[in-house]
file my_file00.txt (compact mmCIF, N, CA, C and O atoms)
# COMPACT_ATOMS: atom_id res chain seq x y z
N MET A 1165 93.23 105.45 86.30
CA MET A 1165 92.52 106.32 87.21
C MET A 1165 92.46 105.74 88.61
O MET A 1165 92.28 106.48 89.54
N GLY A 1166 92.58 104.44 88.76
CA GLY A 1166 92.59 103.87 90.09
C GLY A 1166 91.45 102.92 90.34
O GLY A 1166 90.63 102.64 89.47
N SER A 1167 91.39 102.43 91.55
CA SER A 1167 90.34 101.51 91.97
C SER A 1167 89.13 102.30 92.46
O SER A 1167 89.29 103.30 93.16
N PRO A 1168 87.93 101.85 92.13
CA PRO A 1168 86.71 102.59 92.51
C PRO A 1168 86.62 102.92 94.00
O PRO A 1168 86.21 104.02 94.37
N ALA A 1169 87.03 102.02 94.86
CA ALA A 1169 86.91 102.25 96.30
C ALA A 1169 87.76 103.42 96.78
O ALA A 1169 87.49 103.99 97.83
N TYR A 1170 88.77 103.79 96.01
CA TYR A 1170 89.69 104.86 96.43
C TYR A 1170 89.51 106.15 95.63
O TYR A 1170 90.17 107.13 95.91
N MET A 1171 88.64 106.13 94.64
CA MET A 1171 88.45 107.30 93.79
C MET A 1171 87.62 108.37 94.47
O MET A 1171 86.58 108.08 95.06
N ALA A 1172 88.07 109.59 94.35
CA ALA A 1172 87.32 110.73 94.87
C ALA A 1172 86.06 110.93 94.02
O ALA A 1172 86.06 110.61 92.83
N PRO A 1173 85.00 111.45 94.62
CA PRO A 1173 83.76 111.66 93.85
C PRO A 1173 83.98 112.48 92.58
O PRO A 1173 83.39 112.18 91.54
N GLU A 1174 84.85 113.50 92.63
CA GLU A 1174 85.04 114.33 91.44
C GLU A 1174 85.73 113.57 90.32
O GLU A 1174 85.52 113.85 89.14
N VAL A 1175 86.55 112.56 90.66
CA VAL A 1175 87.21 111.74 89.64
C VAL A 1175 86.16 110.96 88.86
O VAL A 1175 86.24 110.82 87.65
N MET A 1176 85.16 110.50 89.55
CA MET A 1176 84.10 109.74 88.90
C MET A 1176 83.24 110.61 88.00
O MET A 1176 82.50 110.10 87.17
N ARG A 1177 83.38 111.91 88.16
CA ARG A 1177 82.67 112.84 87.28
C ARG A 1177 83.61 113.45 86.24
O ARG A 1177 83.27 114.41 85.57
N GLY A 1178 84.84 112.89 86.14
CA GLY A 1178 85.78 113.31 85.10
C GLY A 1178 86.69 114.45 85.46
O GLY A 1178 87.36 115.00 84.59
N LYS A 1179 86.78 114.85 86.74
CA LYS A 1179 87.67 115.94 87.14
C LYS A 1179 88.80 115.37 87.99
O LYS A 1179 88.57 114.85 89.06
N PHE A 1180 90.02 115.48 87.49
CA PHE A 1180 91.19 114.92 88.15
C PHE A 1180 92.07 116.04 88.66
O PHE A 1180 92.23 117.05 88.01
N SER A 1181 92.66 115.83 89.83
CA SER A 1181 93.63 116.78 90.37
C SER A 1181 94.45 116.08 91.44
O SER A 1181 94.17 114.94 91.82
N GLN A 1182 95.45 116.78 91.95
CA GLN A 1182 96.25 116.23 93.04
C GLN A 1182 95.40 116.03 94.29
O GLN A 1182 95.68 115.16 95.11
N ALA A 1183 94.36 116.82 94.43
CA ALA A 1183 93.46 116.67 95.58
C ALA A 1183 92.81 115.29 95.59
O ALA A 1183 92.47 114.77 96.66
N SER A 1184 92.65 114.70 94.44
CA SER A 1184 92.06 113.36 94.36
C SER A 1184 92.93 112.33 95.07
O SER A 1184 92.43 111.37 95.64
N ASP A 1185 94.24 112.55 95.07
CA ASP A 1185 95.15 111.66 95.78
C ASP A 1185 95.01 111.82 97.30
O ASP A 1185 95.20 110.87 98.05
N VAL A 1186 94.67 113.02 97.74
CA VAL A 1186 94.45 113.26 99.16
C VAL A 1186 93.23 112.46 99.63
O VAL A 1186 93.24 111.86 100.70
N TRP A 1187 92.20 112.43 98.80
CA TRP A 1187 91.00 111.62 99.10
C TRP A 1187 91.40 110.15 99.23
O TRP A 1187 91.02 109.48 100.19
N ALA A 1188 92.16 109.65 98.28
CA ALA A 1188 92.59 108.25 98.31
C ALA A 1188 93.38 107.94 99.57
O ALA A 1188 93.24 106.87 100.16
N PHE A 1189 94.22 108.88 100.01
CA PHE A 1189 94.96 108.70 101.26
C PHE A 1189 93.98 108.57 102.43
O PHE A 1189 94.15 107.71 103.29
N GLY A 1190 92.96 109.43 102.47
CA GLY A 1190 91.98 109.36 103.55
C GLY A 1190 91.26 108.02 103.59
O GLY A 1190 91.06 107.43 104.66
N ILE A 1191 90.89 107.50 102.43
CA ILE A 1191 90.22 106.20 102.35
C ILE A 1191 91.18 105.10 102.81
O ILE A 1191 90.80 104.20 103.56
N THR A 1192 92.45 105.19 102.40
CA THR A 1192 93.44 104.20 102.81
C THR A 1192 93.64 104.24 104.32
O THR A 1192 93.73 103.18 104.97
N PHE A 1193 93.66 105.42 104.91
CA PHE A 1193 93.83 105.55 106.35
C PHE A 1193 92.66 104.88 107.09
O PHE A 1193 92.88 104.13 108.05
N ILE A 1194 91.44 105.11 106.62
CA ILE A 1194 90.27 104.47 107.24
C ILE A 1194 90.38 102.96 107.11
O ILE A 1194 90.13 102.22 108.07
N GLU A 1195 90.77 102.50 105.94
CA GLU A 1195 90.88 101.06 105.70
C GLU A 1195 91.91 100.43 106.64
O GLU A 1195 91.68 99.36 107.20
N MET A 1196 93.02 101.11 106.85
CA MET A 1196 94.04 100.60 107.77
C MET A 1196 93.51 100.53 109.20
O MET A 1196 93.80 99.59 109.93
N CYS A 1197 92.74 101.52 109.60
CA CYS A 1197 92.16 101.54 110.95
C CYS A 1197 91.08 100.48 111.14
O CYS A 1197 90.80 100.06 112.26
N ASN A 1198 90.48 100.06 110.04
CA ASN A 1198 89.44 99.02 110.08
C ASN A 1198 90.04 97.63 109.91
O ASN A 1198 89.31 96.66 109.73
N GLY A 1199 91.34 97.52 109.90
CA GLY A 1199 91.98 96.22 109.71
C GLY A 1199 91.85 95.70 108.30
O GLY A 1199 91.81 94.50 108.07
N GLY A 1200 91.74 96.62 107.34
CA GLY A 1200 91.63 96.23 105.94
C GLY A 1200 90.22 95.88 105.51
O GLY A 1200 90.00 95.43 104.40
N GLY A 1201 89.26 96.12 106.39
CA GLY A 1201 87.86 95.82 106.06
C GLY A 1201 87.31 96.78 105.02
O GLY A 1201 87.89 97.82 104.74
N GLY A 1202 86.20 96.42 104.44
CA GLY A 1202 85.57 97.23 103.41
C GLY A 1202 85.11 98.58 103.93
O GLY A 1202 84.24 98.66 104.79
N VAL A 1203 85.70 99.63 103.41
CA VAL A 1203 85.37 100.98 103.82
C VAL A 1203 83.96 101.36 103.38
O VAL A 1203 83.27 102.10 104.07
N TRP A 1204 83.52 100.84 102.27
CA TRP A 1204 82.23 101.21 101.70
C TRP A 1204 81.15 100.14 101.90
O TRP A 1204 80.13 100.18 101.23
N GLN A 1205 81.33 99.21 102.79
CA GLN A 1205 80.36 98.13 103.00
C GLN A 1205 78.96 98.65 103.28
O GLN A 1205 77.97 98.04 102.88
N HIS A 1206 78.87 99.78 103.97
CA HIS A 1206 77.56 100.32 104.34
C HIS A 1206 76.71 100.70 103.13
O HIS A 1206 75.50 100.86 103.25
N LEU A 1207 77.33 100.83 101.95
CA LEU A 1207 76.58 101.18 100.74
C LEU A 1207 75.90 99.97 100.12
O LEU A 1207 74.99 100.13 99.30
N GLY A 1208 76.36 98.78 100.45
CA GLY A 1208 75.73 97.56 99.94
C GLY A 1208 76.01 97.25 98.48
O GLY A 1208 75.29 96.46 97.88
N CYS A 1209 77.03 97.85 97.90
CA CYS A 1209 77.38 97.59 96.50
C CYS A 1209 78.30 96.38 96.43
O CYS A 1209 79.32 96.33 97.12
N LYS A 1210 77.95 95.43 95.59
CA LYS A 1210 78.74 94.21 95.48
C LYS A 1210 79.75 94.24 94.34
O LYS A 1210 80.69 93.49 94.32
N ASP A 1211 79.55 95.11 93.36
CA ASP A 1211 80.46 95.13 92.22
C ASP A 1211 81.13 96.50 92.10
O ASP A 1211 80.59 97.51 92.53
N PRO A 1212 82.34 96.55 91.51
CA PRO A 1212 83.08 97.81 91.39
C PRO A 1212 82.33 98.89 90.62
O PRO A 1212 82.40 100.06 90.97
N PHE A 1213 81.61 98.51 89.56
CA PHE A 1213 80.90 99.50 88.76
C PHE A 1213 79.77 100.14 89.59
O PHE A 1213 79.58 101.36 89.55
N GLY A 1214 79.04 99.34 90.34
CA GLY A 1214 77.99 99.86 91.19
C GLY A 1214 78.54 100.80 92.26
O GLY A 1214 77.96 101.84 92.56
N LEU A 1215 79.69 100.44 92.81
CA LEU A 1215 80.35 101.28 93.80
C LEU A 1215 80.78 102.60 93.17
O LEU A 1215 80.59 103.67 93.75
N LEU A 1216 81.34 102.53 91.98
CA LEU A 1216 81.76 103.71 91.25
C LEU A 1216 80.59 104.68 91.07
O LEU A 1216 80.70 105.87 91.35
N LEU A 1217 79.46 104.17 90.63
CA LEU A 1217 78.29 105.02 90.43
C LEU A 1217 77.78 105.61 91.75
O LEU A 1217 77.42 106.78 91.81
N LYS A 1218 77.76 104.79 92.78
CA LYS A 1218 77.24 105.24 94.07
C LYS A 1218 78.11 106.35 94.67
O LYS A 1218 77.60 107.39 95.08
N ILE A 1219 79.42 106.14 94.71
CA ILE A 1219 80.32 107.14 95.29
C ILE A 1219 80.24 108.45 94.50
O ILE A 1219 80.25 109.53 95.07
N GLY A 1220 80.13 108.34 93.19
CA GLY A 1220 80.07 109.54 92.35
C GLY A 1220 78.82 110.37 92.54
O GLY A 1220 78.80 111.54 92.17
N THR A 1221 77.78 109.79 93.12
CA THR A 1221 76.53 110.54 93.28
C THR A 1221 76.23 110.92 94.73
O THR A 1221 75.25 111.60 94.99
N LEU A 1222 77.08 110.51 95.66
CA LEU A 1222 76.85 110.86 97.06
C LEU A 1222 77.09 112.35 97.29
O LEU A 1222 77.98 112.94 96.71
N ALA A 1223 76.28 112.93 98.14
CA ALA A 1223 76.40 114.35 98.48
C ALA A 1223 76.61 114.49 99.98
O ALA A 1223 76.23 113.62 100.75
N PRO A 1224 77.22 115.59 100.41
CA PRO A 1224 77.42 115.80 101.84
C PRO A 1224 76.09 115.78 102.59
O PRO A 1224 75.10 116.22 102.04
N PRO A 1225 76.06 115.26 103.76
CA PRO A 1225 77.19 114.76 104.55
C PRO A 1225 77.45 113.27 104.34
O PRO A 1225 78.28 112.70 105.03
N ASP A 1226 76.77 112.64 103.39
CA ASP A 1226 76.88 111.19 103.19
C ASP A 1226 77.89 110.80 102.12
O ASP A 1226 77.89 109.67 101.66
N HIS A 1227 78.77 111.71 101.72
CA HIS A 1227 79.70 111.44 100.62
C HIS A 1227 80.92 110.63 101.04
O HIS A 1227 81.64 110.14 100.20
N ALA A 1228 81.16 110.52 102.34
CA ALA A 1228 82.34 109.81 102.83
C ALA A 1228 81.92 108.63 103.70
O ALA A 1228 80.83 108.63 104.28
N PRO A 1229 82.79 107.63 103.80
CA PRO A 1229 82.46 106.48 104.65
C PRO A 1229 82.50 106.87 106.13
O PRO A 1229 83.11 107.88 106.50
N PRO A 1230 81.87 106.07 106.98
CA PRO A 1230 81.93 106.35 108.41
C PRO A 1230 83.36 106.23 108.93
O PRO A 1230 84.13 105.39 108.46
N LEU A 1231 83.70 107.08 109.88
CA LEU A 1231 85.03 107.03 110.47
C LEU A 1231 85.07 106.02 111.61
O LEU A 1231 84.09 105.90 112.35
N PRO A 1232 86.19 105.31 111.75
CA PRO A 1232 86.31 104.37 112.86
C PRO A 1232 86.18 105.09 114.20
O PRO A 1232 86.77 106.16 114.40
N GLU A 1233 85.41 104.53 115.11
CA GLU A 1233 85.16 105.16 116.40
C GLU A 1233 86.42 105.29 117.24
O GLU A 1233 86.53 106.22 118.05
N GLN A 1234 87.40 104.40 117.07
CA GLN A 1234 88.58 104.41 117.92
C GLN A 1234 89.55 105.55 117.59
O GLN A 1234 90.50 105.78 118.33
N LEU A 1235 89.31 106.29 116.52
CA LEU A 1235 90.22 107.39 116.16
C LEU A 1235 90.08 108.55 117.14
O LEU A 1235 88.99 108.85 117.63
N SER A 1236 91.19 109.23 117.37
CA SER A 1236 91.16 110.44 118.20
C SER A 1236 90.41 111.54 117.45
O SER A 1236 90.22 111.47 116.23
N ASP A 1237 90.01 112.56 118.18
CA ASP A 1237 89.32 113.69 117.54
C ASP A 1237 90.22 114.34 116.50
O ASP A 1237 89.75 114.74 115.43
N GLY A 1238 91.52 114.45 116.79
CA GLY A 1238 92.46 115.03 115.83
C GLY A 1238 92.55 114.22 114.56
O GLY A 1238 92.56 114.77 113.46
N ALA A 1239 92.62 112.89 114.70
CA ALA A 1239 92.69 112.02 113.53
C ALA A 1239 91.40 112.13 112.71
O ALA A 1239 91.45 112.17 111.48
N LYS A 1240 90.26 112.21 113.39
CA LYS A 1240 88.99 112.37 112.68
C LYS A 1240 88.95 113.68 111.91
O LYS A 1240 88.43 113.73 110.79
N ARG A 1241 89.52 114.74 112.48
CA ARG A 1241 89.56 116.03 111.78
C ARG A 1241 90.41 115.92 110.51
O ARG A 1241 90.02 116.41 109.44
N VAL A 1242 91.59 115.30 110.62
CA VAL A 1242 92.48 115.16 109.47
C VAL A 1242 91.80 114.34 108.38
O VAL A 1242 91.81 114.73 107.20
N ILE A 1243 91.19 113.23 108.74
CA ILE A 1243 90.48 112.40 107.75
C ILE A 1243 89.34 113.20 107.15
O ILE A 1243 89.08 113.13 105.94
N GLY A 1244 88.63 113.96 107.97
CA GLY A 1244 87.56 114.81 107.45
C GLY A 1244 88.06 115.79 106.41
O GLY A 1244 87.40 116.02 105.39
N TRP A 1245 89.23 116.37 106.64
CA TRP A 1245 89.81 117.29 105.64
C TRP A 1245 90.17 116.53 104.37
O TRP A 1245 89.95 117.03 103.26
N CYS A 1246 90.72 115.33 104.53
CA CYS A 1246 91.09 114.54 103.34
C CYS A 1246 89.86 114.17 102.52
O CYS A 1246 89.95 114.09 101.29
N LEU A 1247 88.74 113.96 103.18
CA LEU A 1247 87.53 113.51 102.50
C LEU A 1247 86.52 114.63 102.28
O LEU A 1247 85.33 114.40 102.15
N SER A 1248 87.03 115.84 102.20
CA SER A 1248 86.16 116.99 101.93
C SER A 1248 85.49 116.81 100.57
O SER A 1248 86.12 116.37 99.61
N HIS A 1249 84.23 117.15 100.49
CA HIS A 1249 83.50 117.03 99.23
C HIS A 1249 84.01 118.05 98.21
O HIS A 1249 83.97 117.81 97.01
N ASP A 1250 84.51 119.17 98.70
CA ASP A 1250 85.06 120.21 97.83
C ASP A 1250 86.55 119.97 97.69
O ASP A 1250 87.32 120.19 98.64
N ALA A 1251 86.99 119.54 96.54
CA ALA A 1251 88.40 119.19 96.32
C ALA A 1251 89.34 120.38 96.54
O ALA A 1251 90.51 120.20 96.86
N ALA A 1252 88.86 121.60 96.39
CA ALA A 1252 89.71 122.78 96.60
C ALA A 1252 90.04 122.93 98.06
O ALA A 1252 91.00 123.54 98.45
call {"tool": "encode", "arguments": {"input": "my_file00.txt", "output": "structure tokens"}}
result
Amino acid sequence: MGSPAYMAPEVMRGKFSQASDVWAFGITFIEMCNGGGGVWQHLGCKDPFGLLLKIGTLAPPDHAPPLPEQLSDGAKRVIGWCLSHDAA
């Protein structure tokens, strides 16, 4: 199923689809813009299981990690689409 930091919230609730890979791409993009830093550090979870539980229970607008400030408005829009809470 993948690593908890890259799993879409719906995957953590047992619903898998190709849209889940789009979420993982969005998280990877943020991570690359942060220089590989922890995308979910703001949640304060130290272990993968705790992170898994936390991401699976987040609701909009807090369901996605903060976007890097240096991104253009267009890039922020694309990442926002990738990290939509509604997988459809």
call {"tool": "atom_distance", "arguments": {"input": "my_file00.txt", "atom1": "atom C of A:Phe1193", "atom2": "atom C of A:Asp1226"}}
result
16.7 Å
call {"tool": "atom_distance", "arguments": {"input": "my_file00.txt", "atom1": "atom C of A:Ser1181", "atom2": "atom O of A:Pro1168"}}
result
14.9 Å
call {"tool": "atom_distance", "arguments": {"input": "my_file00.txt", "atom1": "atom C of A:Ile1219", "atom2": "atom O of A:Lys1240"}}
result
19.0 Å
call {"tool": "residues_near_point", "arguments": {"input": "my_file00.txt", "point": "(85.7, 107.4, 108.4)", "cutoff": "8 Å", "atoms": "all atoms listed in the file", "output": "list in words"}}
result
Gly1190, Ile1191, Phe1193, Ile1194, Glu1195, Val1203, Ala1228, Pro1229, Pro1230, Leu1231, Pro1232, Glu1233, Lys1240, Ile1243 and Gly1244 of chain A
call {"tool": "closest_residue", "arguments": {"input": "my_file00.txt", "among": "A:Ala1252, A:Cys1209, A:Leu1235, A:Leu1216", "to": "A:Ala1172", "atoms": "only N, CA, C and O atoms"}}
result
A:Leu1216
call {"tool": "select_by_dssp", "arguments": {"input": "my_file00.txt", "residues": "chain A", "states": "alpha helix (DSSP H)", "output": "NGL selection string"}}
result
:A and (1173-1176 or 1183-1197 or 1212-1221 or 1237-1246)
call {"tool": "closest_residue", "arguments": {"input": "my_file00.txt", "among": "A:Val1186, A:Leu1215, A:Val1242, A:Leu1207", "to": "A:Ser1167", "atoms": "only C-alpha atoms"}}
result
A:Leu1215
call {"tool": "closest_residue", "arguments": {"input": "my_file00.txt", "among": "A:Ser1248, A:Ser1236, A:Gln1182, A:Thr1192", "to": "A:Tyr1170", "atoms": "only C-alpha atoms"}}
result
A:Thr1192
call {"tool": "closest_residue", "arguments": {"input": "my_file00.txt", "among": "A:Leu1222, A:Gly1214, A:Gln1234, A:Met1171", "to": "A:Cys1197", "atoms": "only C-alpha atoms"}}
result
A:Gln1234
call {"tool": "closest_residue", "arguments": {"input": "my_file00.txt", "among": "A:Pro1173, A:Phe1180, A:Met1196, A:Ala1188", "to": "A:His1227", "atoms": "only N, CA, C and O atoms"}}
result
A:Pro1173
call {"tool": "build_atoms", "arguments": {"input": "my_file00.txt", "residues": "stretch 1193-1204 of chain A", "atoms": "all heavy atoms", "output": "short mmCIF file (atom, residue, chain, number, x, y, z; two decimals), in the frame of the given file"}}
result
data_model
loop_
_atom_site.label_atom_id
_atom_site.label_comp_id
_atom_site.auth_asym_id
_atom_site.auth_seq_id
_atom_site.Cartn_x
_atom_site.Cartn_y
_atom_site.Cartn_z
N PHE A 1193 93.66 105.42 104.91
CA PHE A 1193 93.83 105.55 106.35
C PHE A 1193 92.66 104.88 107.09
O PHE A 1193 92.88 104.13 108.05
CB PHE A 1193 93.89 107.04 106.72
CG PHE A 1193 94.34 107.30 108.13
CD1 PHE A 1193 95.66 107.56 108.41
CD2 PHE A 1193 93.43 107.27 109.18
CE1 PHE A 1193 96.08 107.80 109.72
CE2 PHE A 1193 93.83 107.51 110.48
CZ PHE A 1193 95.15 107.77 110.75
N ILE A 1194 91.44 105.11 106.62
CA ILE A 1194 90.27 104.47 107.24
C ILE A 1194 90.38 102.96 107.11
O ILE A 1194 90.13 102.22 108.07
CB ILE A 1194 88.97 104.97 106.61
CG1 ILE A 1194 88.74 106.44 106.96
CG2 ILE A 1194 87.78 104.14 107.08
CD1 ILE A 1194 87.57 107.07 106.21
N GLU A 1195 90.77 102.50 105.94
CA GLU A 1195 90.88 101.06 105.70
C GLU A 1195 91.91 100.43 106.64
O GLU A 1195 91.68 99.36 107.20
CB GLU A 1195 91.27 100.80 104.25
CG GLU A 1195 91.24 99.35 103.87
CD GLU A 1195 91.49 99.15 102.39
OE1 GLU A 1195 92.52 99.63 101.89
OE2 GLU A 1195 90.65 98.51 101.75
N MET A 1196 93.02 101.11 106.85
CA MET A 1196 94.04 100.60 107.77
C MET A 1196 93.51 100.53 109.20
O MET A 1196 93.80 99.59 109.93
CB MET A 1196 95.29 101.48 107.69
CG MET A 1196 96.05 101.31 106.40
SD MET A 1196 97.42 102.48 106.12
CE MET A 1196 98.14 102.70 107.69
N CYS A 1197 92.74 101.52 109.60
CA CYS A 1197 92.16 101.54 110.95
C CYS A 1197 91.08 100.48 111.14
O CYS A 1197 90.80 100.06 112.26
CB CYS A 1197 91.59 102.91 111.26
SG CYS A 1197 92.85 104.18 111.40
N ASN A 1198 90.48 100.06 110.04
CA ASN A 1198 89.44 99.02 110.08
C ASN A 1198 90.04 97.63 109.91
O ASN A 1198 89.31 96.66 109.73
CB ASN A 1198 88.40 99.23 108.98
CG ASN A 1198 87.42 100.32 109.31
OD1 ASN A 1198 87.28 100.71 110.46
ND2 ASN A 1198 86.75 100.83 108.30
N GLY A 1199 91.34 97.52 109.90
CA GLY A 1199 91.98 96.22 109.71
C GLY A 1199 91.85 95.70 108.30
O GLY A 1199 91.81 94.50 108.07
N GLY A 1200 91.74 96.62 107.34
CA GLY A 1200 91.63 96.23 105.94
C GLY A 1200 90.22 95.88 105.51
O GLY A 1200 90.00 95.43 104.40
N GLY A 1201 89.26 96.12 106.39
CA GLY A 1201 87.86 95.82 106.06
C GLY A 1201 87.31 96.78 105.02
O GLY A 1201 87.89 97.82 104.74
N GLY A 1202 86.20 96.42 104.44
CA GLY A 1202 85.57 97.23 103.41
C GLY A 1202 85.11 98.58 103.93
O GLY A 1202 84.24 98.66 104.79
N VAL A 1203 85.70 99.63 103.41
CA VAL A 1203 85.37 100.98 103.82
C VAL A 1203 83.96 101.36 103.38
O VAL A 1203 83.27 102.10 104.07
CB VAL A 1203 86.41 101.97 103.23
CG1 VAL A 1203 86.03 103.41 103.49
CG2 VAL A 1203 87.79 101.68 103.79
N TRP A 1204 83.52 100.84 102.27
CA TRP A 1204 82.23 101.21 101.70
C TRP A 1204 81.15 100.14 101.90
O TRP A 1204 80.13 100.18 101.23
CB TRP A 1204 82.38 101.50 100.21
CG TRP A 1204 83.28 102.67 99.93
CD1 TRP A 1204 84.56 102.63 99.46
CD2 TRP A 1204 82.97 104.05 100.10
NE1 TRP A 1204 85.06 103.90 99.32
CE2 TRP A 1204 84.10 104.80 99.70
CE3 TRP A 1204 81.83 104.75 100.55
CZ2 TRP A 1204 84.14 106.19 99.75
CZ3 TRP A 1204 81.87 106.13 100.59
CH2 TRP A 1204 83.02 106.84 100.20
#
